[in-house]
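Student: Attaching a single structure in structure tokens format; questions to follow.
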Amino acid sequence: MRARLSLSLTSSFFLLAVAVLIPRSSAQDIFITPVANAPFSAVVNIERSIMKKDVSVVEIRNLREIGRDRQGRIHNESREAVPASSAQTPRLRHVHLYDPQTRLSTEIDPRNRIFWTRVVNHPPSAEPPSLRFSAPEGQAPPNEFVKEDDLGVREIEGVSAHGLRQTQTLPADTDGTAIEIVDEYWYSSELRINLLIKHSDPRTGTQTVTVGQITRTEPDPAFFEVPEGYTQRGN
């Protein structure tokens, strides 16, 4: 699994003007449900077009490894963004591990080689935060403020996914143009995660988050453990 991303960073990486991190809890991100008996590993690819105030557009990309074992333990990463034209691999900034059986959440800082843990009081979520927009067969209650379109079923990386599109129309701005914000979600009931998320807002830009290189086998146990040589920090 770790061979998927080979770090080949140069000093020019640090000149990147825009370093965007996608929060793990964001509705426009891939939330890994800590469910048992559905192991997989994959790479999340993120592409963003950011609309700046001067109407110029910044194109960036990001990618990271994710995984879950048969026990439901998860591995999730955050990496620095790089320009879309760059061939560099985004540098690893943070790793999150979670065990739903013990509710132990572990945060790892690879640059400083430290980690810290805490026990989460609330039970783990078995559904993505955005499931209301990707729930199949109209399971989610209707929202009178948005238009929702059923996009049917398609295969993504050989996995069946059901898609829904949500469109919000905001009142016309000062130049008389109405604003449409569009979100698209493709949910896999097999893996219990979204495999594709698209977000478009003419005021801020677009974002596409795709799960690729999916492997449906048990990941290496080391993927869910703190690497050797790391020091535990107090909470």
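Letters A, B, ... mark the chains of the structure tokens in the order given; residue numbers begin at 1 per chain; ligand numbers begin at 1, in order shown.
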List the spatial neighbours of A:Thr204 as number ranges by chain - criterion: any atom at most 6 Å away, only C-alpha atoms, same-chain residues fewer than 3 positions off excluded.
Tutor: A: 50-51, 201
Student: For N, CA and C atoms, I'd like the residues from the last selection saved as a PDB file, in the first residue's frame.
Tutor:
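File written: out08.pdb
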ATOM      1  N   ILE A  50      -9.768  27.193  -7.700  1.00  0.00           N
ATOM      2  CA  ILE A  50     -10.148  28.201  -6.718  1.00  0.00           C
ATOM      3  C   ILE A  50     -10.299  29.554  -7.402  1.00  0.00           C
ATOM      4  N   MET A  51     -11.485  30.123  -7.287  1.00  0.00           N
ATOM      5  CA  MET A  51     -11.747  31.444  -7.848  1.00  0.00           C
ATOM      6  C   MET A  51     -11.288  32.511  -6.859  1.00  0.00           C
ATOM      7  N   ASP A 201     -19.335  25.978  -7.077  1.00  0.00           N
ATOM      8  CA  ASP A 201     -19.893  27.239  -6.606  1.00  0.00           C
ATOM      9  C   ASP A 201     -19.211  28.351  -7.407  1.00  0.00           C
TER      10      ASP A 201
END
Student: Need to verify the contact set: A:Arg93, 10 Å, only C-alpha atoms, exclusion of same-chain residues closer than 6 positions in sequence. Can you return it as number ranges by chain?
Tutor: A: 21, 77-80, 108-112
Student: Once you have the residues from the selection above, write them out as a short mmCIF file (atom, residue, chain, number, x, y, z; two decimals), in the first residue's frame, restricted to N, CA and C atoms.
Tutor:
data_model
loop_
_atom_site.label_atom_id
_atom_site.label_comp_id
_atom_site.auth_asym_id
_atom_site.auth_seq_id
_atom_site.Cartn_x
_atom_site.Cartn_y
_atom_site.Cartn_z
N LEU A 21 -5.75 22.33 2.73
CA LEU A 21 -6.00 21.03 3.34
C LEU A 21 -7.49 20.81 3.38
N GLU A 77 -5.29 10.20 5.88
CA GLU A 77 -4.16 11.12 5.84
C GLU A 77 -4.60 12.52 5.42
N SER A 78 -3.76 13.50 5.70
CA SER A 78 -3.89 14.82 5.08
C SER A 78 -2.52 15.19 4.52
N ARG A 79 -2.53 15.80 3.35
CA ARG A 79 -1.30 16.18 2.67
C ARG A 79 -1.40 17.61 2.17
N GLU A 80 -0.26 18.23 1.95
CA GLU A 80 -0.24 19.57 1.40
C GLU A 80 -0.63 19.54 -0.07
N ILE A 108 -1.18 11.43 14.30
CA ILE A 108 0.24 11.25 14.07
C ILE A 108 0.80 12.45 13.29
N ASP A 109 1.89 13.01 13.79
CA ASP A 109 2.59 14.11 13.13
C ASP A 109 3.90 13.56 12.56
N PRO A 110 3.93 13.21 11.24
CA PRO A 110 5.13 12.58 10.67
C PRO A 110 6.35 13.48 10.65
N ARG A 111 6.16 14.79 10.50
CA ARG A 111 7.30 15.69 10.40
C ARG A 111 8.06 15.78 11.72
N ASN A 112 7.34 15.79 12.84
CA ASN A 112 7.97 15.87 14.16
C ASN A 112 8.10 14.52 14.85
#
Student: Name all residues at most 8 Å from A:Thr167 (count only C-alpha atoms; drop same-chain ones fewer than 5 positions away) and give them as a list in words.
Tutor: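 Counting only the stated atoms, we get Val146, Lys147, Glu148, Glu180, Ile181, Val182 and Asp183 of chain A.
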Student: With N, CA and C atoms retained, write the just-selected residues as a tab-separated table (two decimals), in the first residue's frame.
Tutor:
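Generated output (selection.tsv):
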chain	number	residue	atom	x	y	z
A	146	VAL	N	-33.73	22.78	-1.80
A	146	VAL	CA	-32.82	22.32	-2.85
A	146	VAL	C	-33.56	21.42	-3.84
A	147	LYS	N	-33.00	21.32	-5.03
A	147	LYS	CA	-33.51	20.38	-6.03
A	147	LYS	C	-32.58	19.18	-6.03
A	148	GLU	N	-33.15	17.98	-5.96
A	148	GLU	CA	-32.34	16.78	-5.94
A	148	GLU	C	-32.70	15.89	-7.14
A	180	GLU	N	-26.04	29.29	-8.69
A	180	GLU	CA	-26.37	27.89	-8.49
A	180	GLU	C	-25.18	27.16	-7.88
A	181	ILE	N	-25.41	26.53	-6.74
A	181	ILE	CA	-24.39	25.72	-6.08
A	181	ILE	C	-24.79	24.26	-6.27
A	182	VAL	N	-23.90	23.49	-6.88
A	182	VAL	CA	-24.21	22.10	-7.23
A	182	VAL	C	-23.28	21.14	-6.51
A	183	ASP	N	-23.86	20.13	-5.85
A	183	ASP	CA	-23.10	19.07	-5.22
A	183	ASP	C	-23.57	17.73	-5.75
Student: Would you mind listing, for every residue of stretch 40-85 of chain A within 12 Å of stretch 187-198 of chain A, the two atoms forming the shortest contact and the distance between them in Å to one decimal, using only C-alpha atoms, sorted by chain and ascending residue number, as a Markdown table?
Tutor:
| residue | atom | partner | partner_atom | distance |
| --- | --- | --- | --- | --- |
| A:Phe40 | CA | A:Leu191 | CA | 8.0 |
| A:Ser41 | CA | A:Leu191 | CA | 10.5 |
| A:Ala42 | CA | A:Leu195 | CA | 10.2 |
| A:Val43 | CA | A:Leu195 | CA | 10.6 |
| A:Val44 | CA | A:Leu195 | CA | 8.9 |
| A:Asn45 | CA | A:Leu196 | CA | 9.6 |
| A:Ile46 | CA | A:Ile197 | CA | 9.5 |
| A:Glu47 | CA | A:Lys198 | CA | 9.7 |
| A:Arg48 | CA | A:Lys198 | CA | 10.0 |
| A:Ser49 | CA | A:Lys198 | CA | 11.7 |
| A:Ile66 | CA | A:Ile193 | CA | 11.5 |
| A:Gly67 | CA | A:Leu191 | CA | 10.8 |
| A:Arg68 | CA | A:Leu191 | CA | 9.7 |
| A:Asp69 | CA | A:Leu191 | CA | 11.5 |
| A:Arg70 | CA | A:Leu191 | CA | 11.6 |
| A:Gly72 | CA | A:Leu191 | CA | 11.2 |
Student: As a ChimeraX atom specification, please: all residues of stretch 108-200 of chain A that backbone DSSP puts in strand (DSSP E or B).
Tutor: /A:108-109,114-119,147-156,159-170,179-188,193-200
Student: Work out how far atom CA of A:Val209 is from atom CA of A:Leu151, in Å to one decimal.
Tutor: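 Those two atoms sit 17.3 Å apart.
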Student: For the atom pair atom CA of A:Thr106 and atom CA of A:Pro34, what is the interatomic distance in Å to one decimal place?
Tutor: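 Computing the Euclidean distance for atom CA of A:Thr106 and atom CA of A:Pro34 yields 13.9 Å.
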Student: Hey, can you check how far atom CA of A:Ala161 sits from atom CA of A:Ser125?
Tutor: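 The value is 19.9 Å.
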Student: Need to verify the contact set: stretch 226-235 of chain A, 7 Å, only C-alpha atoms, exclusion of same-chain residues closer than 5 positions in sequence. Can you return it as a PDB file with N, CA and C atoms, in the first residue's frame?
Tutor:
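result-v3.pdb was written with the following content:
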ATOM      1  N   ARG A 113       7.586  13.476  14.163  1.00  0.00           N
ATOM      2  CA  ARG A 113       7.664  12.106  14.668  1.00  0.00           C
ATOM      3  C   ARG A 113       7.091  11.981  16.079  1.00  0.00           C
ATOM      4  N   ILE A 114       5.893  12.545  16.244  1.00  0.00           N
ATOM      5  CA  ILE A 114       5.182  12.448  17.512  1.00  0.00           C
ATOM      6  C   ILE A 114       3.758  11.977  17.243  1.00  0.00           C
ATOM      7  N   PHE A 115       3.072  11.502  18.291  1.00  0.00           N
ATOM      8  CA  PHE A 115       1.661  11.121  18.171  1.00  0.00           C
ATOM      9  C   PHE A 115       0.977  11.359  19.502  1.00  0.00           C
ATOM     10  N   TRP A 116      -0.336  11.477  19.463  1.00  0.00           N
ATOM     11  CA  TRP A 116      -1.118  11.609  20.686  1.00  0.00           C
ATOM     12  C   TRP A 116      -2.438  10.881  20.491  1.00  0.00           C
ATOM     13  N   THR A 117      -3.030  10.441  21.592  1.00  0.00           N
ATOM     14  CA  THR A 117      -4.245   9.628  21.523  1.00  0.00           C
ATOM     15  C   THR A 117      -5.312  10.194  22.455  1.00  0.00           C
TER      16      THR A 117
END
Student: Which one of A:Arg73, A:Arg154, A:Lys52, A:Arg61 sits closest to A:Ala38 if you count only C-alpha atoms?
Tutor: A:Arg73
Student: Among stretch 16-226 of chain A, which ones does DSSP place in helix (DSSP H, G or I), written as a ChimeraX atom specification?
Tutor: /A:131-134,136-138,221-224
